[in-house]
Amino acid sequence: MSVDRLCSYFGLTRMPFSKELSPSSLFCSAGHNEAVARLTWCIGERGIATLTGEVGSGKTVALRATVAGLEPSRHQVIYCPNPVIGGRGILAALVTALGGTPRFHRSALVPQAAEALALAEAERGRRVLVAIDEAHLLADDQLEDVRMLTSAELDSKSPLALVLIGQPLLRRRLAQTTMAALDQRVSLRVQLEGMERAESGEYLRHHLSLCGRSDPLFSDDAVAVLHHASRGLPRALNNLALQALIATFAESKAIVDERAAKMAVVEVNGE
Ligand SMILES: Nc1ncnc2c1ncn2[C@@H]1O[C@H](COP(=O)(O)OP(=O)(O)O)[C@@H](O)[C@H]1O
Ligand SMILES: [Mg+2]
C-alpha cells in the first residue's frame, strides 16, 4: 500500500493521525482544556502538580500545549523527557540547564541547584518550570532529589514550578508514606481520562480536517467501535483509525464502516 495512493483516494493532503502536531492544531477536548488551564494556573503559583493518565491519554501533548502558552521571556522551561537520565540525575541536569557546571558530590549539588534557581528568578526575571515526564519511573532517591529541590528554602516561596507527569502509578507512589513530604506539597492533581464517545467522533473529524478532509469519512457505527476499543484514548484512536482507513482503502469503499472498524480492532488489539 502506498501512502500517496491512500491519501489521494480519500482526498487527503497527507497521512492523517500523525504524532507531530503543532500546539495550534491540537484537538481541544474538555479534559485537555481543563488540564492545560489548571496546569497554567499552578505554574503561575509556583506550585507542584501531578499530571497522570494512562499511556496515550495525551499527557505529554497537554504539557506541550501548556508550555506553548507561557510567555517565553518570563519562563525557563526545563523538560526531562525521561527520568532515567544518566548517573548524575535530575539536580545535575537542572544545574546544567541553568548554565552551571554540576558539582560532584550530591550534598553540594542540592544547594547549587537551589542557588541556580534563585538566580534565574532574581537576575533574569524568569520563572523556572521543571517538567519531568514518565515520572512514575523515578527511583526513590530521585524523588528525594525532587523533594529537596522544592523545599530548598522552607520559609520562603517555592523556587520553581514543578510538573510531574506519569502513569496512574505515579500517584500511588507518591502516596507511599516515605514520599509523604513530597506528596503534601503537591497542590494540583490532574488526571487525564479517555474522551467521551461524542468527543472521540469529533477527535477523528478534527484529525481528518487537518489533512484537508472536512466531510464525514467514518460512519457513526465505525466511530462507536473505535471509541469502545480505544476507551477514548487519543493514541489508541489514532492507531485504530489509521488501520480502519487502510482496510477501507483495501476494499475500495468510500466510507469507513463498522466492518472496517472491527477489522482494525482485530489488527491492532488482536481481538
Ligand atoms: N489534544 C490532542 N489533539 C490531538 N492529538 C492528540 C491530543 N492528545 C493526544 N493526541 C495524540 O495522541 C498521541 C498520544 O499523546 P501523548 O501526549 O503522547 O500521550 P501520553 O503522554 O499520555 O502517553 C499524540 O502523539 C497525539 O497524536
Ligand atoms: Mg507521554
# chains A, B, ... in the order shown; residues from 1 in each chain; ligands from 1

call {"tool": "residues_around", "arguments": {"residues": "stretch 138-146 of chain A", "least_positions_apart": "3", "cutoff": "7 Å", "atoms": "only C-alpha atoms", "output": "MDAnalysis selection string"}}
result
chainID A and resid 83 91 135 149:150

call {"tool": "write_last_selection", "arguments": {"atoms": "N, CA and C atoms", "output": "tab-separated table (two decimals), in the first residue's frame"}}
result
chain	number	residue	atom	x	y	z
A	83	PRO	N	13.05	10.21	33.18
A	83	PRO	CA	13.83	10.40	34.42
A	83	PRO	C	15.03	9.48	34.55
A	91	LEU	N	19.13	16.76	39.57
A	91	LEU	CA	19.73	18.00	40.07
A	91	LEU	C	20.84	18.47	39.14
A	135	ALA	N	7.37	10.22	35.10
A	135	ALA	CA	7.88	10.35	36.47
A	135	ALA	C	7.53	9.15	37.35
A	149	LEU	N	14.61	19.72	46.16
A	149	LEU	CA	14.57	20.86	45.26
A	149	LEU	C	13.42	21.80	45.61
A	150	THR	N	12.31	21.21	45.95
A	150	THR	CA	11.10	22.01	46.18
A	150	THR	C	11.05	22.58	47.58

call {"tool": "select_by_dssp", "arguments": {"residues": "stretch 16-256 of chain A", "states": "strand (DSSP E)", "output": "PDB file with N, CA and C atoms, in the first residue's frame"}}
result
ATOM      1  N   ILE A  48       3.356  22.745  42.735  1.00  0.00           N
ATOM      2  CA  ILE A  48       3.776  21.417  42.291  1.00  0.00           C
ATOM      3  C   ILE A  48       2.523  20.685  41.816  1.00  0.00           C
ATOM      4  N   ALA A  49       2.590  20.167  40.605  1.00  0.00           N
ATOM      5  CA  ALA A  49       1.435  19.483  40.038  1.00  0.00           C
ATOM      6  C   ALA A  49       1.802  18.075  39.616  1.00  0.00           C
ATOM      7  N   THR A  50       0.845  17.186  39.692  1.00  0.00           N
ATOM      8  CA  THR A  50       0.994  15.900  39.027  1.00  0.00           C
ATOM      9  C   THR A  50       0.000  15.855  37.873  1.00  0.00           C
ATOM     10  N   LEU A  51       0.447  15.303  36.767  1.00  0.00           N
ATOM     11  CA  LEU A  51      -0.407  15.112  35.596  1.00  0.00           C
ATOM     12  C   LEU A  51      -0.336  13.637  35.264  1.00  0.00           C
ATOM     13  N   THR A  52      -1.416  12.933  35.555  1.00  0.00           N
ATOM     14  CA  THR A  52      -1.389  11.486  35.367  1.00  0.00           C
ATOM     15  C   THR A  52      -2.432  11.053  34.343  1.00  0.00           C
ATOM     16  N   GLY A  53      -2.251   9.861  33.849  1.00  0.00           N
ATOM     17  CA  GLY A  53      -3.183   9.283  32.887  1.00  0.00           C
ATOM     18  C   GLY A  53      -2.550   8.055  32.278  1.00  0.00           C
ATOM     19  N   HIS A  75       9.684  32.829  31.322  1.00  0.00           N
ATOM     20  CA  HIS A  75       9.772  31.459  31.824  1.00  0.00           C
ATOM     21  C   HIS A  75      10.992  30.745  31.271  1.00  0.00           C
ATOM     22  N   GLN A  76      11.543  29.912  32.084  1.00  0.00           N
ATOM     23  CA  GLN A  76      12.562  28.991  31.603  1.00  0.00           C
ATOM     24  C   GLN A  76      12.047  27.591  31.868  1.00  0.00           C
ATOM     25  N   VAL A  77      11.862  26.849  30.794  1.00  0.00           N
ATOM     26  CA  VAL A  77      11.271  25.521  30.927  1.00  0.00           C
ATOM     27  C   VAL A  77      12.356  24.468  30.798  1.00  0.00           C
ATOM     28  N   ILE A  78      12.443  23.621  31.780  1.00  0.00           N
ATOM     29  CA  ILE A  78      13.391  22.513  31.736  1.00  0.00           C
ATOM     30  C   ILE A  78      12.572  21.233  31.691  1.00  0.00           C
ATOM     31  N   TYR A  79      12.622  20.599  30.556  1.00  0.00           N
ATOM     32  CA  TYR A  79      11.796  19.412  30.340  1.00  0.00           C
ATOM     33  C   TYR A  79      12.677  18.167  30.363  1.00  0.00           C
ATOM     34  N   CYS A  80      12.403  17.268  31.264  1.00  0.00           N
ATOM     35  CA  CYS A  80      13.126  15.990  31.315  1.00  0.00           C
ATOM     36  C   CYS A  80      12.211  14.927  30.717  1.00  0.00           C
ATOM     37  N   ARG A 127      10.767  32.700  35.631  1.00  0.00           N
ATOM     38  CA  ARG A 127      10.303  31.598  36.455  1.00  0.00           C
ATOM     39  C   ARG A 127      10.756  30.292  35.829  1.00  0.00           C
ATOM     40  N   VAL A 128      11.245  29.400  36.669  1.00  0.00           N
ATOM     41  CA  VAL A 128      11.693  28.112  36.150  1.00  0.00           C
ATOM     42  C   VAL A 128      10.578  27.086  36.313  1.00  0.00           C
ATOM     43  N   LEU A 129      10.284  26.419  35.236  1.00  0.00           N
ATOM     44  CA  LEU A 129       9.355  25.290  35.285  1.00  0.00           C
ATOM     45  C   LEU A 129      10.150  24.024  34.996  1.00  0.00           C
ATOM     46  N   VAL A 130      10.134  23.110  35.942  1.00  0.00           N
ATOM     47  CA  VAL A 130      10.743  21.808  35.700  1.00  0.00           C
ATOM     48  C   VAL A 130       9.616  20.816  35.449  1.00  0.00           C
ATOM     49  N   ALA A 131       9.668  20.178  34.323  1.00  0.00           N
ATOM     50  CA  ALA A 131       8.650  19.179  33.978  1.00  0.00           C
ATOM     51  C   ALA A 131       9.343  17.842  33.783  1.00  0.00           C
ATOM     52  N   ILE A 132       8.952  16.883  34.563  1.00  0.00           N
ATOM     53  CA  ILE A 132       9.570  15.560  34.481  1.00  0.00           C
ATOM     54  C   ILE A 132       8.547  14.580  33.944  1.00  0.00           C
ATOM     55  N   ALA A 161       8.374  26.088  39.668  1.00  0.00           N
ATOM     56  CA  ALA A 161       7.137  25.344  39.436  1.00  0.00           C
ATOM     57  C   ALA A 161       7.540  23.965  38.940  1.00  0.00           C
ATOM     58  N   LEU A 162       6.814  22.977  39.353  1.00  0.00           N
ATOM     59  CA  LEU A 162       7.188  21.605  39.032  1.00  0.00           C
ATOM     60  C   LEU A 162       5.961  20.841  38.545  1.00  0.00           C
ATOM     61  N   VAL A 163       6.128  20.141  37.440  1.00  0.00           N
ATOM     62  CA  VAL A 163       5.055  19.257  36.970  1.00  0.00           C
ATOM     63  C   VAL A 163       5.631  17.853  36.824  1.00  0.00           C
ATOM     64  N   LEU A 164       5.050  16.940  37.544  1.00  0.00           N
ATOM     65  CA  LEU A 164       5.435  15.533  37.434  1.00  0.00           C
ATOM     66  C   LEU A 164       4.382  14.831  36.585  1.00  0.00           C
ATOM     67  N   ILE A 165       4.835  14.248  35.473  1.00  0.00           N
ATOM     68  CA  ILE A 165       3.909  13.632  34.527  1.00  0.00           C
ATOM     69  C   ILE A 165       4.128  12.136  34.544  1.00  0.00           C
ATOM     70  N   GLY A 166       3.074  11.372  34.630  1.00  0.00           N
ATOM     71  CA  GLY A 166       3.301   9.932  34.620  1.00  0.00           C
ATOM     72  C   GLY A 166       2.021   9.121  34.581  1.00  0.00           C
ATOM     73  N   VAL A 186       2.226  18.679  46.865  1.00  0.00           N
ATOM     74  CA  VAL A 186       1.523  18.711  45.570  1.00  0.00           C
ATOM     75  C   VAL A 186       0.245  19.525  45.725  1.00  0.00           C
ATOM     76  N   SER A 187       0.144  20.595  44.939  1.00  0.00           N
ATOM     77  CA  SER A 187      -1.026  21.456  45.100  1.00  0.00           C
ATOM     78  C   SER A 187      -2.056  21.253  43.999  1.00  0.00           C
ATOM     79  N   LEU A 188      -1.685  20.524  42.970  1.00  0.00           N
ATOM     80  CA  LEU A 188      -2.645  20.265  41.889  1.00  0.00           C
ATOM     81  C   LEU A 188      -2.453  18.850  41.372  1.00  0.00           C
ATOM     82  N   ARG A 189      -3.553  18.134  41.273  1.00  0.00           N
ATOM     83  CA  ARG A 189      -3.508  16.775  40.720  1.00  0.00           C
ATOM     84  C   ARG A 189      -4.479  16.697  39.558  1.00  0.00           C
ATOM     85  N   VAL A 190      -3.924  16.521  38.370  1.00  0.00           N
ATOM     86  CA  VAL A 190      -4.775  16.424  37.181  1.00  0.00           C
ATOM     87  C   VAL A 190      -4.671  15.005  36.651  1.00  0.00           C
ATOM     88  N   GLN A 191      -5.822  14.418  36.382  1.00  0.00           N
ATOM     89  CA  GLN A 191      -5.824  13.076  35.799  1.00  0.00           C
ATOM     90  C   GLN A 191      -6.542  13.155  34.450  1.00  0.00           C
ATOM     91  N   LEU A 192      -5.851  12.726  33.398  1.00  0.00           N
ATOM     92  CA  LEU A 192      -6.476  12.721  32.070  1.00  0.00           C
ATOM     93  C   LEU A 192      -7.196  11.401  31.860  1.00  0.00           C
TER      94      LEU A 192
END

call {"tool": "atom_distance", "arguments": {"atom1": "atom CA of A:Arg46", "atom2": "atom CA of A:Arg103"}}
result
25.8 Å

call {"tool": "closest_atom_pairs", "arguments": {"of": "stretch 4-47 of chain A", "to": "stretch 208-230 of chain A", "cutoff": "12 Å", "atoms": "only C-alpha atoms", "output": "Markdown table"}}
result
| residue | atom | partner | partner_atom | distance |
| --- | --- | --- | --- | --- |
| A:Cys7 | CA | A:Cys211 | CA | 9.1 |
| A:Ser8 | CA | A:Arg213 | CA | 11.0 |
| A:Tyr9 | CA | A:Arg213 | CA | 11.5 |
| A:Phe10 | CA | A:Arg213 | CA | 8.0 |
| A:Gly11 | CA | A:Arg213 | CA | 6.6 |
| A:Leu12 | CA | A:Cys211 | CA | 5.3 |
| A:Thr13 | CA | A:Cys211 | CA | 5.1 |
| A:Arg14 | CA | A:Cys211 | CA | 5.7 |
| A:Met15 | CA | A:Cys211 | CA | 7.2 |
| A:Pro16 | CA | A:Leu208 | CA | 6.0 |
| A:Phe17 | CA | A:Leu208 | CA | 7.6 |
| A:Ser18 | CA | A:Cys211 | CA | 9.8 |
| A:Glu20 | CA | A:Leu210 | CA | 11.9 |
| A:Leu21 | CA | A:Leu210 | CA | 9.7 |
| A:Ser22 | CA | A:Leu210 | CA | 11.0 |
| A:Ser24 | CA | A:Leu210 | CA | 10.9 |
| A:Ser25 | CA | A:Leu210 | CA | 7.5 |
| A:Leu26 | CA | A:Leu210 | CA | 9.6 |
| A:Phe27 | CA | A:Leu210 | CA | 10.2 |

call {"tool": "write_last_selection", "arguments": {"atoms": "C-alpha atoms", "output": "mmCIF file, in the first residue's frame"}}
result
data_model
loop_
_atom_site.group_PDB
_atom_site.id
_atom_site.type_symbol
_atom_site.label_atom_id
_atom_site.label_comp_id
_atom_site.auth_asym_id
_atom_site.auth_seq_id
_atom_site.Cartn_x
_atom_site.Cartn_y
_atom_site.Cartn_z
ATOM 1 C CA CYS A 7 -4.214 9.864 0.554
ATOM 2 C CA SER A 8 -5.331 10.718 -2.931
ATOM 3 C CA TYR A 9 -8.001 8.002 -2.764
ATOM 4 C CA PHE A 10 -9.606 9.691 0.266
ATOM 5 C CA GLY A 11 -8.810 13.232 -0.811
ATOM 6 C CA LEU A 12 -6.294 13.811 1.984
ATOM 7 C CA THR A 13 -3.362 16.200 1.729
ATOM 8 C CA ARG A 14 -1.193 13.948 3.910
ATOM 9 C CA MET A 15 -1.379 10.921 6.161
ATOM 10 C CA PRO A 16 -3.833 11.629 8.971
ATOM 11 C CA PHE A 17 -3.488 10.845 12.707
ATOM 12 C CA SER A 18 0.131 11.908 12.794
ATOM 13 C CA GLU A 20 3.702 15.552 15.115
ATOM 14 C CA LEU A 21 1.097 18.189 15.793
ATOM 15 C CA SER A 22 1.842 21.817 16.426
ATOM 16 C CA SER A 24 -2.225 25.208 17.433
ATOM 17 C CA SER A 25 -3.557 22.132 15.658
ATOM 18 C CA LEU A 26 -4.387 20.089 18.742
ATOM 19 C CA PHE A 27 -7.869 18.853 19.457
#

call {"tool": "residues_near_ligand", "arguments": {"ligand": "ligand 2", "cutoff": "8 Å", "atoms": "only C-alpha atoms and all ligand atoms", "output": "list of chain:residue names"}}
result
A:Val55, A:Gly56, A:Gly58, A:Lys59, A:Thr60, A:Val61, A:Asp133, A:Glu134, A:Ile165, A:Gly166

call {"tool": "write_last_selection", "arguments": {"atoms": "C-alpha atoms", "output": "short mmCIF file (atom, residue, chain, number, x, y, z; two decimals), in the first residue's frame"}}
result
data_model
loop_
_atom_site.label_atom_id
_atom_site.label_comp_id
_atom_site.auth_asym_id
_atom_site.auth_seq_id
_atom_site.Cartn_x
_atom_site.Cartn_y
_atom_site.Cartn_z
CA VAL A 55 -0.39 5.51 28.24
CA GLY A 56 -1.50 7.54 25.24
CA GLY A 58 -2.46 12.91 25.93
CA LYS A 59 -0.30 13.88 28.92
CA THR A 60 2.81 14.92 27.02
CA VAL A 61 0.66 16.73 24.48
CA ASP A 133 7.89 13.14 32.12
CA GLU A 134 7.42 9.43 32.82
CA ILE A 165 3.91 13.63 34.53
CA GLY A 166 3.30 9.93 34.62
#

call {"tool": "select_by_dssp", "arguments": {"residues": "stretch 16-52 of chain A", "states": "helix (DSSP H, G or I)", "output": "list in words"}}
result
Pro23, Ser24, Ser25, Ala30, Gly31, His32, Asn33, Glu34, Ala35, Val36, Ala37, Arg38, Leu39, Thr40, Trp41, Cys42, Ile43 and Gly44 of chain A

call {"tool": "residues_around", "arguments": {"residues": "A:Phe249", "least_positions_apart": "2", "cutoff": "12 Å", "atoms": "only C-alpha atoms", "output": "PyMOL selection string"}}
result
chain A and resi 1-11+217+242-247+251-257+260

call {"tool": "write_last_selection", "arguments": {"atoms": "C-alpha atoms", "output": "PDB file, in the first residue's frame"}}
result
ATOM      1  CA  MET A   1       0.000   0.000   0.000  1.00  0.00           C
ATOM      2  CA  SER A   2       1.401   3.393  -0.874  1.00  0.00           C
ATOM      3  CA  VAL A   3       0.728   6.358   1.338  1.00  0.00           C
ATOM      4  CA  ASP A   4       0.299   8.635  -1.657  1.00  0.00           C
ATOM      5  CA  ARG A   5      -2.329   6.435  -3.227  1.00  0.00           C
ATOM      6  CA  LEU A   6      -4.257   6.116   0.014  1.00  0.00           C
ATOM      7  CA  CYS A   7      -4.214   9.864   0.554  1.00  0.00           C
ATOM      8  CA  SER A   8      -5.331  10.718  -2.931  1.00  0.00           C
ATOM      9  CA  TYR A   9      -8.001   8.002  -2.764  1.00  0.00           C
ATOM     10  CA  PHE A  10      -9.606   9.691   0.266  1.00  0.00           C
ATOM     11  CA  GLY A  11      -8.810  13.232  -0.811  1.00  0.00           C
ATOM     12  CA  LEU A 217     -15.331   9.735   6.435  1.00  0.00           C
ATOM     13  CA  LEU A 242      -5.448   4.532  10.594  1.00  0.00           C
ATOM     14  CA  GLN A 243      -5.904   0.775  10.294  1.00  0.00           C
ATOM     15  CA  ALA A 244      -9.605   1.258   9.598  1.00  0.00           C
ATOM     16  CA  LEU A 245      -8.734   3.685   6.841  1.00  0.00           C
ATOM     17  CA  ILE A 246      -6.322   1.197   5.303  1.00  0.00           C
ATOM     18  CA  ALA A 247      -8.919  -1.591   5.476  1.00  0.00           C
ATOM     19  CA  GLU A 251     -11.810  -2.876  -0.075  1.00  0.00           C
ATOM     20  CA  SER A 252     -12.243   0.162  -2.325  1.00  0.00           C
ATOM     21  CA  LYS A 253     -15.006   1.616  -0.194  1.00  0.00           C
ATOM     22  CA  ALA A 254     -15.685   5.328   0.188  1.00  0.00           C
ATOM     23  CA  ILE A 255     -16.633   5.436   3.878  1.00  0.00           C
ATOM     24  CA  VAL A 256     -15.065   3.720   6.873  1.00  0.00           C
ATOM     25  CA  ASP A 257     -17.880   1.492   8.087  1.00  0.00           C
ATOM     26  CA  ALA A 260     -13.634  -1.837   8.578  1.00  0.00           C
TER      27      ALA A 260
END

call {"tool": "atom_distance", "arguments": {"atom1": "atom CA of A:Ser158", "atom2": "atom CA of A:Gly69"}}
result
21.7 Å

call {"tool": "residues_around", "arguments": {"residues": "A:Gly125", "least_positions_apart": "5", "cutoff": "12 Å", "atoms": "only C-alpha atoms", "output": "JSON, numbers by chain"}}
result
{"A": [71, 72, 73, 74, 75, 76, 117, 118, 119, 120]}

call {"tool": "write_last_selection", "arguments": {"atoms": "N, CA and C atoms", "output": "PDB file, in the first residue's frame"}}
result
ATOM      1  N   GLU A  71       4.441  32.778  28.544  1.00  0.00           N
ATOM      2  CA  GLU A  71       5.214  33.897  27.999  1.00  0.00           C
ATOM      3  C   GLU A  71       6.697  33.508  27.970  1.00  0.00           C
ATOM      4  N   PRO A  72       7.307  33.384  26.767  1.00  0.00           N
ATOM      5  CA  PRO A  72       8.669  32.832  26.700  1.00  0.00           C
ATOM      6  C   PRO A  72       9.714  33.667  27.438  1.00  0.00           C
ATOM      7  N   SER A  73       9.560  34.991  27.442  1.00  0.00           N
ATOM      8  CA  SER A  73      10.592  35.816  28.060  1.00  0.00           C
ATOM      9  C   SER A  73      10.528  35.753  29.589  1.00  0.00           C
ATOM     10  N   ARG A  74       9.455  35.219  30.111  1.00  0.00           N
ATOM     11  CA  ARG A  74       9.305  35.198  31.561  1.00  0.00           C
ATOM     12  C   ARG A  74       9.413  33.799  32.164  1.00  0.00           C
ATOM     13  N   HIS A  75       9.684  32.829  31.322  1.00  0.00           N
ATOM     14  CA  HIS A  75       9.772  31.459  31.824  1.00  0.00           C
ATOM     15  C   HIS A  75      10.992  30.745  31.271  1.00  0.00           C
ATOM     16  N   GLN A  76      11.543  29.912  32.084  1.00  0.00           N
ATOM     17  CA  GLN A  76      12.562  28.991  31.603  1.00  0.00           C
ATOM     18  C   GLN A  76      12.047  27.591  31.868  1.00  0.00           C
ATOM     19  N   LEU A 117      18.523  28.196  40.761  1.00  0.00           N
ATOM     20  CA  LEU A 117      17.096  28.526  40.614  1.00  0.00           C
ATOM     21  C   LEU A 117      16.821  29.952  41.072  1.00  0.00           C
ATOM     22  N   ALA A 118      17.373  30.295  42.218  1.00  0.00           N
ATOM     23  CA  ALA A 118      17.146  31.638  42.757  1.00  0.00           C
ATOM     24  C   ALA A 118      17.691  32.699  41.808  1.00  0.00           C
ATOM     25  N   LEU A 119      18.861  32.400  41.209  1.00  0.00           N
ATOM     26  CA  LEU A 119      19.469  33.342  40.263  1.00  0.00           C
ATOM     27  C   LEU A 119      18.607  33.552  39.029  1.00  0.00           C
ATOM     28  N   ALA A 120      18.088  32.444  38.527  1.00  0.00           N
ATOM     29  CA  ALA A 120      17.259  32.534  37.316  1.00  0.00           C
ATOM     30  C   ALA A 120      16.095  33.478  37.561  1.00  0.00           C
TER      31      ALA A 120
END

call {"tool": "atom_distance", "arguments": {"atom1": "atom CA of A:Ser57", "atom2": "atom CA of A:Glu196"}}
result
12.5 Å

call {"tool": "residues_around", "arguments": {"residues": "stretch 111-116 of chain A", "least_positions_apart": "4", "cutoff": "12 Å", "atoms": "only C-alpha atoms", "output": "PyMOL selection string"}}
result
chain A and resi 89-107+120-124+126-128+145-154+158-160

call {"tool": "closest_residue", "arguments": {"among": "A:Pro81, A:Gly270, A:Gly44, A:Pro234", "to": "ligand 1", "atoms": "only C-alpha atoms and all ligand atoms"}}
result
A:Pro234
